Structure formats: structure tokens, C-alpha cells
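**Student:** Below you'll find input_36.txt; it's compact mmCIF, C-alpha atoms.
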# COMPACT_ATOMS: atom_id res chain seq x y z
CA MET A 6 -26.98 49.30 -42.82
CA ARG A 7 -29.45 47.41 -40.68
CA ALA A 8 -32.29 45.39 -42.04
CA SER A 9 -35.57 46.06 -40.41
CA PRO A 10 -37.09 43.10 -38.48
CA LEU A 11 -39.79 42.82 -41.01
CA LEU A 12 -37.36 42.32 -43.81
CA ARG A 13 -35.08 39.81 -42.00
CA ARG A 14 -34.63 36.52 -43.80
CA ARG A 15 -36.04 33.33 -42.41
CA THR A 16 -33.19 31.29 -40.84
CA ALA A 17 -32.95 27.84 -39.23
CA ARG A 18 -31.94 29.48 -35.97
CA GLY A 19 -34.98 31.69 -36.12
CA ASP A 20 -37.23 28.70 -36.68
CA TYR A 21 -35.67 26.88 -33.74
CA ASP A 22 -36.09 29.81 -31.35
CA ALA A 23 -39.66 30.27 -32.38
CA ARG A 24 -40.65 26.76 -31.35
CA ILE A 25 -42.73 26.31 -28.25
CA GLY A 26 -42.60 23.19 -26.08
CA LEU A 27 -40.17 20.72 -24.59
CA ASN A 28 -36.63 20.78 -25.80
CA MET A 29 -36.12 17.12 -26.58
CA THR A 30 -32.45 16.91 -27.55
CA PRO A 31 -30.79 17.46 -24.12
CA MET A 32 -33.46 15.36 -22.43
CA VAL A 33 -32.77 12.40 -24.67
CA ASP A 34 -29.06 12.77 -23.93
CA VAL A 35 -29.63 12.71 -20.20
CA VAL A 36 -32.11 9.83 -20.28
CA MET A 37 -29.78 7.77 -22.43
CA VAL A 38 -26.88 8.23 -20.04
CA ILE A 39 -29.07 7.22 -17.10
CA LEU A 40 -30.29 4.20 -19.03
CA VAL A 41 -26.75 3.08 -19.82
CA PHE A 42 -25.80 3.54 -16.17
CA PHE A 43 -28.61 1.32 -14.93
CA MET A 44 -27.85 -1.30 -17.56
CA ALA A 45 -24.21 -1.39 -16.48
CA SER A 46 -24.99 -1.59 -12.77
CA ALA A 47 -27.57 -4.32 -13.31
CA SER A 48 -25.05 -6.51 -15.08
CA ILE A 49 -22.52 -5.98 -12.28
CA LEU A 50 -24.91 -7.24 -9.62
CA GLY A 51 -26.16 -10.38 -11.35
CA PRO A 52 -28.79 -12.75 -10.01
CA GLU A 53 -28.41 -14.00 -6.47
CA TRP A 54 -29.77 -16.75 -4.28
CA LEU A 55 -30.12 -16.68 -0.55
CA VAL A 56 -29.61 -19.94 1.32
CA ALA A 57 -30.85 -19.95 4.87
CA THR A 58 -28.84 -21.46 7.69
CA ARG A 59 -29.36 -21.62 11.41
CA VAL A 60 -26.78 -20.99 14.05
CA PRO A 61 -27.91 -23.02 17.03
CA LYS A 62 -26.85 -21.76 20.41
CA LYS A 63 -23.81 -23.24 22.10
CA GLY A 64 -24.37 -26.47 23.96
CA GLY A 65 -27.36 -28.54 23.03
CA VAL A 66 -29.65 -27.99 20.09
CA ALA A 67 -32.49 -29.97 21.61
CA THR A 68 -35.69 -28.98 19.91
CA ALA A 69 -38.89 -30.28 21.45
CA THR A 70 -41.06 -31.56 18.66
CA ASP A 71 -43.78 -34.20 18.86
CA ALA A 72 -42.28 -36.40 16.17
CA GLN A 73 -38.74 -37.60 16.57
CA PRO A 74 -36.85 -35.80 13.81
CA LEU A 75 -34.16 -37.47 11.77
CA ARG A 76 -30.86 -35.90 12.74
CA LEU A 77 -28.21 -35.84 10.09
CA GLN A 78 -24.76 -34.70 10.95
CA VAL A 79 -22.71 -33.89 7.88
CA THR A 80 -18.99 -33.47 8.37
CA LEU A 81 -16.84 -31.80 5.76
CA THR A 82 -13.14 -32.53 5.66
CA ARG A 83 -10.40 -31.93 3.15
CA GLY A 84 -9.33 -35.06 1.38
CA ALA A 85 -5.79 -36.04 0.44
CA ASP A 86 -6.23 -34.74 -3.11
CA GLY A 87 -7.46 -31.36 -1.89
CA SER A 88 -11.11 -31.95 -2.66
CA THR A 89 -13.74 -31.85 0.02
CA VAL A 90 -15.00 -35.12 1.48
CA PHE A 91 -18.58 -35.00 2.76
CA ALA A 92 -19.60 -37.62 5.30
CA ILE A 93 -22.91 -38.59 6.88
CA GLY A 94 -21.98 -41.12 9.51
CA ASP A 95 -19.79 -43.67 7.74
CA THR A 96 -21.02 -42.80 4.26
CA THR A 97 -18.72 -40.48 2.37
CA PHE A 98 -19.47 -38.71 -0.86
CA SER A 99 -18.00 -36.09 -3.16
CA ARG A 100 -19.14 -32.65 -4.14
CA GLU A 101 -20.79 -33.91 -7.32
CA ALA A 102 -22.95 -36.42 -5.47
CA ALA A 103 -24.04 -34.06 -2.69
CA LEU A 104 -27.68 -33.84 -3.71
CA ALA A 105 -27.91 -37.54 -4.55
CA SER A 106 -26.43 -38.63 -1.24
CA LEU A 107 -28.62 -36.28 0.77
CA THR A 108 -31.68 -37.59 -1.03
CA ARG A 109 -30.67 -41.11 -0.10
CA ALA A 110 -29.92 -40.12 3.49
CA ILE A 111 -33.32 -38.61 4.18
CA SER A 112 -34.87 -41.68 2.50
CA GLY A 113 -38.31 -40.36 1.80
CA ARG A 114 -38.96 -38.65 5.11
CA ALA A 115 -40.83 -35.37 5.16
CA PRO A 116 -38.45 -32.41 4.80
CA SER A 117 -39.86 -30.80 7.94
CA ASP A 118 -38.93 -33.96 9.83
CA VAL A 119 -35.21 -33.74 9.14
CA VAL A 120 -32.61 -31.71 11.00
CA VAL A 121 -29.27 -31.25 9.28
CA LEU A 122 -26.24 -30.07 11.19
CA LEU A 123 -23.05 -29.23 9.34
CA ARG A 124 -19.61 -29.64 10.86
CA PRO A 125 -17.13 -28.24 8.35
CA ALA A 126 -13.42 -28.48 9.04
CA SER A 127 -11.65 -25.14 8.94
CA ASP A 128 -9.62 -25.91 5.80
CA VAL A 129 -12.69 -26.73 3.72
CA PRO A 130 -13.54 -24.15 1.02
CA TYR A 131 -16.48 -21.99 2.02
CA GLU A 132 -18.00 -22.67 -1.40
CA ASP A 133 -18.62 -26.32 -0.50
CA VAL A 134 -20.46 -25.32 2.67
CA VAL A 135 -22.77 -23.20 0.54
CA LEU A 136 -23.18 -26.03 -1.96
CA LEU A 137 -24.42 -28.39 0.72
CA HIS A 138 -26.83 -25.73 1.95
CA ALA A 139 -28.14 -25.35 -1.58
CA ALA A 140 -28.66 -29.12 -1.81
CA CYS A 141 -30.68 -29.02 1.41
CA GLN A 142 -32.67 -26.12 0.03
CA GLN A 143 -33.38 -28.09 -3.14
CA LEU A 144 -34.80 -30.92 -1.03
CA GLY A 145 -36.96 -28.49 0.92
CA LEU A 146 -35.09 -28.96 4.18
CA THR A 147 -35.45 -25.86 6.32
CA LYS A 148 -33.74 -26.97 9.52
CA VAL A 149 -30.16 -26.67 8.39
CA GLY A 150 -27.61 -25.42 10.84
CA LEU A 151 -23.92 -24.80 11.30
CA SER A 152 -22.55 -26.37 14.42
CA ASP A 153 -20.05 -24.58 16.63
CA MET B 15 -24.35 20.38 -22.97
CA ILE B 16 -24.31 21.39 -19.32
CA ASP B 17 -27.07 18.84 -18.72
CA VAL B 18 -25.00 16.08 -20.24
CA ILE B 19 -21.86 17.06 -18.38
CA MET B 20 -23.74 17.20 -15.10
CA VAL B 21 -25.19 13.74 -15.59
CA LEU B 22 -21.74 12.43 -16.49
CA ILE B 23 -20.34 13.93 -13.30
CA ILE B 24 -23.08 12.28 -11.22
CA PHE B 25 -22.44 9.01 -13.05
CA TYR B 26 -18.76 9.04 -12.21
CA LEU B 27 -19.47 10.02 -8.61
CA ILE B 28 -21.70 6.97 -8.17
CA VAL B 29 -19.34 4.64 -9.99
CA GLY B 30 -16.44 5.96 -7.92
CA LYS B 31 -18.38 5.30 -4.73
CA LEU B 32 -19.14 1.77 -5.89
CA ALA B 33 -15.47 1.14 -6.57
CA VAL B 34 -14.53 2.37 -3.09
CA ASP B 35 -17.23 0.22 -1.51
CA GLN B 36 -15.24 -2.95 -1.13
CA SER B 37 -18.19 -5.24 -0.64
CA ALA B 38 -18.50 -5.12 -4.43
CA ARG B 39 -15.24 -7.11 -4.57
CA VAL B 40 -16.82 -10.19 -3.05
CA GLN B 41 -16.87 -13.16 -5.42
CA LEU B 42 -19.95 -15.03 -4.36
CA PRO B 43 -19.96 -18.81 -4.25
CA ALA B 44 -22.27 -20.64 -6.63
CA ALA B 45 -25.50 -22.27 -5.55
CA PHE B 46 -28.15 -24.07 -7.56
CA ALA B 47 -31.06 -23.54 -5.21
CA GLY B 48 -32.15 -20.90 -2.78
CA LEU B 49 -34.64 -18.22 -1.93
CA SER B 50 -35.08 -15.04 -3.88
CA GLU B 51 -34.30 -11.86 -2.06
CA THR B 52 -37.42 -10.60 -0.33
CA GLN B 53 -36.57 -8.59 2.74
CA ARG B 54 -33.88 -6.01 3.10
CA GLY B 55 -31.41 -7.28 5.67
CA ILE B 56 -28.21 -6.25 7.34
CA THR B 57 -25.31 -7.10 5.08
CA LEU B 58 -22.14 -8.61 6.42
CA ALA B 59 -19.39 -9.07 3.85
CA VAL B 60 -16.33 -11.27 4.37
CA LEU B 61 -13.59 -11.13 1.78
CA PRO B 62 -9.84 -11.67 1.46
CA GLN B 63 -7.59 -8.73 2.31
CA SER B 64 -6.22 -8.59 -1.22
CA ASP B 65 -7.25 -9.94 -4.57
CA ALA B 66 -3.77 -11.31 -5.19
CA PRO B 67 -3.72 -15.10 -5.36
CA VAL B 68 -2.30 -16.66 -2.23
CA ALA B 69 0.59 -19.07 -2.74
CA PRO B 70 -0.29 -22.54 -1.51
CA GLY B 71 1.17 -23.36 1.86
CA THR B 72 1.19 -19.82 3.21
CA PRO B 73 -1.10 -19.34 6.20
CA GLU B 74 -4.32 -17.58 5.38
CA GLU B 75 -4.46 -14.06 6.72
CA PRO B 76 -7.60 -12.99 8.57
CA PRO B 77 -10.29 -11.79 6.18
CA LEU B 78 -11.68 -8.31 5.85
CA VAL B 79 -15.09 -8.02 7.51
CA LEU B 80 -17.49 -5.28 6.43
CA LEU B 81 -20.71 -4.54 8.28
CA GLU B 82 -22.97 -2.56 5.94
CA GLY B 83 -19.89 -1.56 3.93
CA GLN B 84 -17.87 -0.38 6.92
CA PRO B 85 -14.77 -2.33 8.01
CA ILE B 86 -15.11 -3.82 11.46
CA THR B 87 -12.93 -5.99 13.67
CA LEU B 88 -14.09 -9.42 14.79
CA SER B 89 -14.03 -8.42 18.44
CA ALA B 90 -16.33 -5.45 17.84
CA LEU B 91 -18.69 -7.36 15.55
CA ALA B 92 -20.94 -8.96 18.17
CA ASP B 93 -21.54 -5.64 19.94
CA ALA B 94 -22.18 -3.82 16.67
CA LEU B 95 -24.76 -6.45 15.70
CA ARG B 96 -26.48 -6.12 19.07
CA ILE B 97 -26.72 -2.37 18.57
CA ARG B 98 -28.17 -2.76 15.10
CA MET B 99 -30.63 -5.46 16.15
CA PRO B 100 -31.94 -4.49 19.58
CA GLU B 101 -34.50 -7.31 19.47
CA LEU B 102 -31.68 -9.84 19.92
CA ALA B 103 -31.69 -9.05 23.66
CA GLU B 104 -35.19 -10.50 23.82
CA GLY B 105 -34.00 -13.68 22.15
CA LYS B 106 -35.58 -13.16 18.74
CA GLN B 107 -34.40 -11.95 15.38
CA VAL B 108 -36.55 -9.80 13.11
CA VAL B 109 -34.14 -8.42 10.54
CA PRO B 110 -32.38 -11.03 8.38
CA LEU B 111 -28.61 -11.08 8.29
CA HIS B 112 -27.13 -11.53 4.82
CA LEU B 113 -23.67 -13.04 4.84
CA ARG B 114 -21.80 -12.26 1.63
CA ALA B 115 -18.67 -14.31 2.04
CA ASP B 116 -16.12 -14.77 -0.71
CA LYS B 117 -15.77 -18.17 -2.34
CA ARG B 118 -11.98 -17.99 -2.23
CA LEU B 119 -12.07 -18.19 1.56
CA THR B 120 -11.94 -21.37 3.55
CA TYR B 121 -14.58 -22.15 6.13
CA GLY B 122 -11.97 -21.48 8.80
CA ALA B 123 -11.88 -17.81 7.76
CA VAL B 124 -15.67 -17.45 7.78
CA GLN B 125 -16.23 -19.43 10.97
CA PRO B 126 -15.08 -16.69 13.42
CA VAL B 127 -17.61 -14.34 11.83
CA ILE B 128 -20.39 -16.91 12.29
CA GLU B 129 -19.23 -17.47 15.86
CA ALA B 130 -19.45 -13.72 16.50
CA CYS B 131 -23.02 -13.77 15.16
CA ARG B 132 -23.80 -16.70 17.41
CA ALA B 133 -22.37 -14.80 20.38
CA ALA B 134 -24.55 -11.81 19.50
CA GLY B 135 -27.59 -14.04 19.71
CA ILE B 136 -28.34 -14.40 16.02
CA THR B 137 -30.14 -17.64 15.20
CA SER B 138 -30.54 -17.44 11.45
CA ILE B 139 -28.19 -16.29 8.71
CA LYS B 140 -28.87 -16.06 4.99
CA LEU B 141 -25.84 -16.98 2.92
CA VAL B 142 -25.73 -15.03 -0.33
CA ALA B 143 -24.68 -16.97 -3.42
CA SER B 144 -24.74 -16.45 -7.16
CA ARG B 145 -27.19 -18.50 -9.18
CA ASP B 146 -25.71 -21.36 -11.12
CA ALA B 147 -28.16 -23.45 -13.10
CA GLN B 148 -25.44 -25.60 -14.69
CA LEU B 149 -24.26 -26.83 -11.30
CA GLY B 150 -27.83 -27.64 -10.39
CA ALA B 151 -28.40 -29.64 -13.57
CA LEU B 152 -25.38 -31.82 -12.76
CA GLN B 153 -26.50 -32.35 -9.16
CA ILE B 154 -30.06 -33.22 -10.13
CA GLU B 155 -28.87 -35.56 -12.87
CA ASN B 156 -26.65 -37.38 -10.38
CA ALA B 157 -29.52 -37.58 -7.90
CA GLN B 158 -31.79 -39.10 -10.54
CA ARG B 159 -29.13 -41.63 -11.52
CA ALA B 160 -28.76 -42.58 -7.86
CA THR B 161 -32.49 -43.15 -7.38
CA MET B 162 -32.56 -45.32 -10.49
CA GLY B 163 -29.76 -47.42 -9.05
CA ILE B 164 -27.12 -46.45 -11.57
CA SER B 165 -23.59 -45.66 -10.44
CA PRO B 166 -23.34 -42.13 -9.04
CA GLY B 167 -22.79 -40.18 -12.18
CA PRO B 168 -19.76 -38.99 -14.15
CA ALA B 169 -16.37 -39.07 -12.53
CA PRO B 170 -15.52 -35.75 -10.92
CA SER B 171 -13.30 -33.76 -13.20
CA PRO B 172 -10.96 -31.07 -11.87
CA SER B 173 -12.83 -28.37 -13.73
CA THR B 174 -16.13 -29.06 -12.01
CA SER B 175 -14.73 -29.66 -8.56
CA GLY B 176 -12.84 -26.41 -8.50
CA GLY B 177 -15.92 -24.22 -8.73
CA THR B 178 -17.49 -22.42 -11.58
CA PRO B 179 -15.68 -20.02 -13.89
Take the structure in the file and give it back as C-alpha cells.

**Tutor:**
Amino acid sequence: MRASPLLRRRTARGDYDARIGLNMTPMVDVVMVILVFFMASASILGPEWLVATRVPKKGGVATATDAQPLRLQVTLTRGADGSTVFAIGDTTFSREAALASLTRAISGRAPSDVVVLLRPASDVPYEDVVLLHAACQQLGLTKVGLSD
Amino acid sequence: MIDVIMVLIIFYLIVGKLAVDQSARVQLPAAFAGLSETQRGITLAVLPQSDAPVAPGTPEEPPLVLLEGQPITLSALADALRIRMPELAEGKQVVPLHLRADKRLTYGAVQPVIEACRAAGITSIKLVASRDAQLGALQIENAQRATMGISPGPAPSPSTSGGTP
């Protein structure tokens, strides 16, 4: 015995099929997965800084400028206790005092008037080279280079 | 349901590709100042061959160098950079070079890479670092103490000198 279409009972399925318009449920699923993906990848990347350095050409870094720039040569060596020893001329300082010592070394000169050249020893952690670059960046020094 | 499964498949494809891309393994050094990323540059990643901690005293093995995610030898690096940056032949550099070197490396491991860049004619490199405000606060505090004529700040403790967690 078959019920005629006119006599069929109203069902939830029937109501659902009769709807016109966007089907929201799968779309919300998809969008949520994409959202979670972007949230996860964003937290993996994390915020980054870029610190600029120059690589002057081999042999002579003579730059012809009208004003005589202050040339600072910073050497990095590994101390006896394994920590890095920074030195500008005869003045040595530790990692913690990097910014303070650089500030003292440039002694109020304009940042554009200072040339910093780094000479790291090969057993110095790369992190300390970056730290010194960051200190120069903080002081607004743009002419920072790695010597060969 | 098919929609959801398809998106999941795409998700795992991308995540799988990220895991294979070894430049994601680089642990960036910390910096407290720098420039925000503005221009898309050529990425050069330098990282240790394995994540296993190296016993002290053993000689450091040469690092893994990746140019735009592809492993490359040091000897081929200068030529590869010249091909990617043709303007270097004219003595100028237009595209920035981003050096993502690992903080576990010594400068001696990174130096050959920088020398290769120098040989290729590159004049400017951007070192990529992770932002560390805490480190900056300590540095600035020490700098302020120094300008005020007070002794140069707290004694270095092993936890701060060894990098950031």
C-alpha cells in the first residue's frame, strides 16, 4: 500500500530538502578547519626581526665620505669560561653590557658617522654576532659590517 | 563529509610539506632590535646537520645550507646566487638576502656561507632573528645604568648568557 504524495506526512527530512539557499553546515566545517590551520601555522612562525649587515669586499673598505667617520672594530673571542668576550680596542665587555659599551664607544656621535666592523673568531656562537648587530640597530647605526 | 575530508587531506599535505622543508628546523637567534620584514628576499638557511646535541669537544661538522629550501653545497653557492641575482654582475644588489642561520652554530660554521656571498658580489645581508623583548629590556637597562655612571648592571648569570629559552 502506497500513500499518495498528497497524503504523505511532514518529516524533518522533507523540511530539510525543501529549503532553498546555502547549505551552511559543511561550509562552517571547512572554514573552521582552514581557520585552525592558519592559527597553527601563525604560531609556528612567530615574530621575526631582520638585522642588516654589510659584507665589504675583500681588501680595503675605504669609503669616501666628506666627514671622517668613526671606525669601530669590534672583535669577538671566546673567553676562558666559554662566554664571548667583546672588545673595542683595549676595552672588553660582556654580552650583557653590549649595548651600554657601544653607546659609550660612539660617545654621542651621529649614527650615520660611525662605521662598525665586526671580527668574530670562528668559535664564537653565532647568536652573539646577531646580538651585537641588534645593539647597533638599536643605536641607529646602519654601517655595520662583517670583516673577512 | 566529503568536503571535510578533502580539506583535511589538503591540510595534511601542506603540513607534511612543511615538515619536509627543513628550513623550518632553524632555531633563530634572539635579537632585541631590528627591522620588520618588508621586502621578499632570497632565503638562505644554515642549520646543523642533525638536531642531536653535539658532545663538547667533538669537531663541528659542516652545516646544512639551504638556498630557498633546496640543499646546496658551499662550492656551488656563489654561482647559484649569481644566477638568482643577475644584477650582481653590475656591482649592485636589488633583492635582499635573508640569512636564517641557527643559533646553535658557531660563527665559524656560518662564516664560509658569508664568504661565499661575498665572493658572489653580495654587499648586504639581512640576518633573521626572533624578537626578544626581555633581552632588550636588560640591555637598555644596563645602558642606562652606564650613562648614569653606575656599575655596569647585574652580574651575568649563566641563564642569561646562554641564550633565551

**Student:** Using atom CA of B:Val109 and atom CA of B:Arg54 as the two end points, give the distance in Å to one decimal.

**Tutor:**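 Straight-line distance from atom CA of B:Val109 to atom CA of B:Arg54 works out to 7.8 Å.
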
**Student:** What residues in chain A lie within 6 Å of chain B, counting only C-alpha atoms, written as a PDB file with C-alpha atoms, keeping the file's coordinate frame?

**Tutor:**
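What follows is the written file out-v4.pdb:
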ATOM      1  CA  VAL A  35     -29.630  12.710 -20.200  1.00  0.00           C
ATOM      2  CA  GLU A  53     -28.410 -14.000  -6.470  1.00  0.00           C
ATOM      3  CA  TRP A  54     -29.770 -16.750  -4.280  1.00  0.00           C
ATOM      4  CA  LEU A  55     -30.120 -16.680  -0.550  1.00  0.00           C
ATOM      5  CA  VAL A  56     -29.610 -19.940   1.320  1.00  0.00           C
ATOM      6  CA  ALA A  57     -30.850 -19.950   4.870  1.00  0.00           C
ATOM      7  CA  THR A  58     -28.840 -21.460   7.690  1.00  0.00           C
ATOM      8  CA  ARG A  59     -29.360 -21.620  11.410  1.00  0.00           C
ATOM      9  CA  VAL A  60     -26.780 -20.990  14.050  1.00  0.00           C
ATOM     10  CA  LEU A 104     -27.680 -33.840  -3.710  1.00  0.00           C
ATOM     11  CA  ALA A 105     -27.910 -37.540  -4.550  1.00  0.00           C
ATOM     12  CA  SER A 127     -11.650 -25.140   8.940  1.00  0.00           C
ATOM     13  CA  ASP A 128      -9.620 -25.910   5.800  1.00  0.00           C
ATOM     14  CA  VAL A 129     -12.690 -26.730   3.720  1.00  0.00           C
ATOM     15  CA  PRO A 130     -13.540 -24.150   1.020  1.00  0.00           C
ATOM     16  CA  TYR A 131     -16.480 -21.990   2.020  1.00  0.00           C
ATOM     17  CA  GLU A 132     -18.000 -22.670  -1.400  1.00  0.00           C
ATOM     18  CA  LEU A 136     -23.180 -26.030  -1.960  1.00  0.00           C
ATOM     19  CA  ALA A 139     -28.140 -25.350  -1.580  1.00  0.00           C
ATOM     20  CA  GLN A 142     -32.670 -26.120   0.030  1.00  0.00           C
ATOM     21  CA  GLN A 143     -33.380 -28.090  -3.140  1.00  0.00           C
TER      22      GLN A 143
END

**Student:** Smallest atom-to-atom distance to A:Gly150: which of A:Thr30, A:Val36, A:Phe98, A:Val79, using all atoms listed in the file?

**Tutor:**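 Among the listed residues, A:Val79 lies closest to A:Gly150.
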
**Student:** Identify, on the basis of all atoms listed in the file, every residue whose closest approach to stretch 113-126 of chain A does not exceed 7 Å; exclude the query and any residue fewer than 4 positions from it along the same chain; express the result as a ChimeraX atom specification.

**Tutor:** /A:74-82,145-152 /B:121

**Student:** Any idea what the distance is between atom CA of B:Met99 and atom CA of B:Val79?

**Tutor:**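 Atom-to-atom, atom CA of B:Met99 to atom CA of B:Val79, that is 18.0 Å.
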
**Student:** Rounded to one decimal, what separation in Å do you get between atom CA of B:Leu61 and atom CA of A:Ala92?

**Tutor:**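 Value for the atom CA of B:Leu61-atom CA of A:Ala92 distance: 27.4 Å.
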
**Student:** Once you count only C-alpha atoms, which residues end up no further than 10 Å from (-17.3, -3.1, 7.0) in the file's frame, shown as a compact mmCIF listing (two decimals) with C-alpha atoms, keeping the file's coordinate frame?

**Tutor:**
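This is the output file point-v1.txt:
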# COMPACT_ATOMS: atom_id res chain seq x y z
CA ASP B 35 -17.23 0.22 -1.51
CA GLN B 36 -15.24 -2.95 -1.13
CA SER B 37 -18.19 -5.24 -0.64
CA THR B 57 -25.31 -7.10 5.08
CA LEU B 58 -22.14 -8.61 6.42
CA ALA B 59 -19.39 -9.07 3.85
CA VAL B 60 -16.33 -11.27 4.37
CA LEU B 78 -11.68 -8.31 5.85
CA VAL B 79 -15.09 -8.02 7.51
CA LEU B 80 -17.49 -5.28 6.43
CA LEU B 81 -20.71 -4.54 8.28
CA GLU B 82 -22.97 -2.56 5.94
CA GLY B 83 -19.89 -1.56 3.93
CA GLN B 84 -17.87 -0.38 6.92
CA PRO B 85 -14.77 -2.33 8.01
CA ILE B 86 -15.11 -3.82 11.46
CA THR B 87 -12.93 -5.99 13.67
CA LEU B 91 -18.69 -7.36 15.55
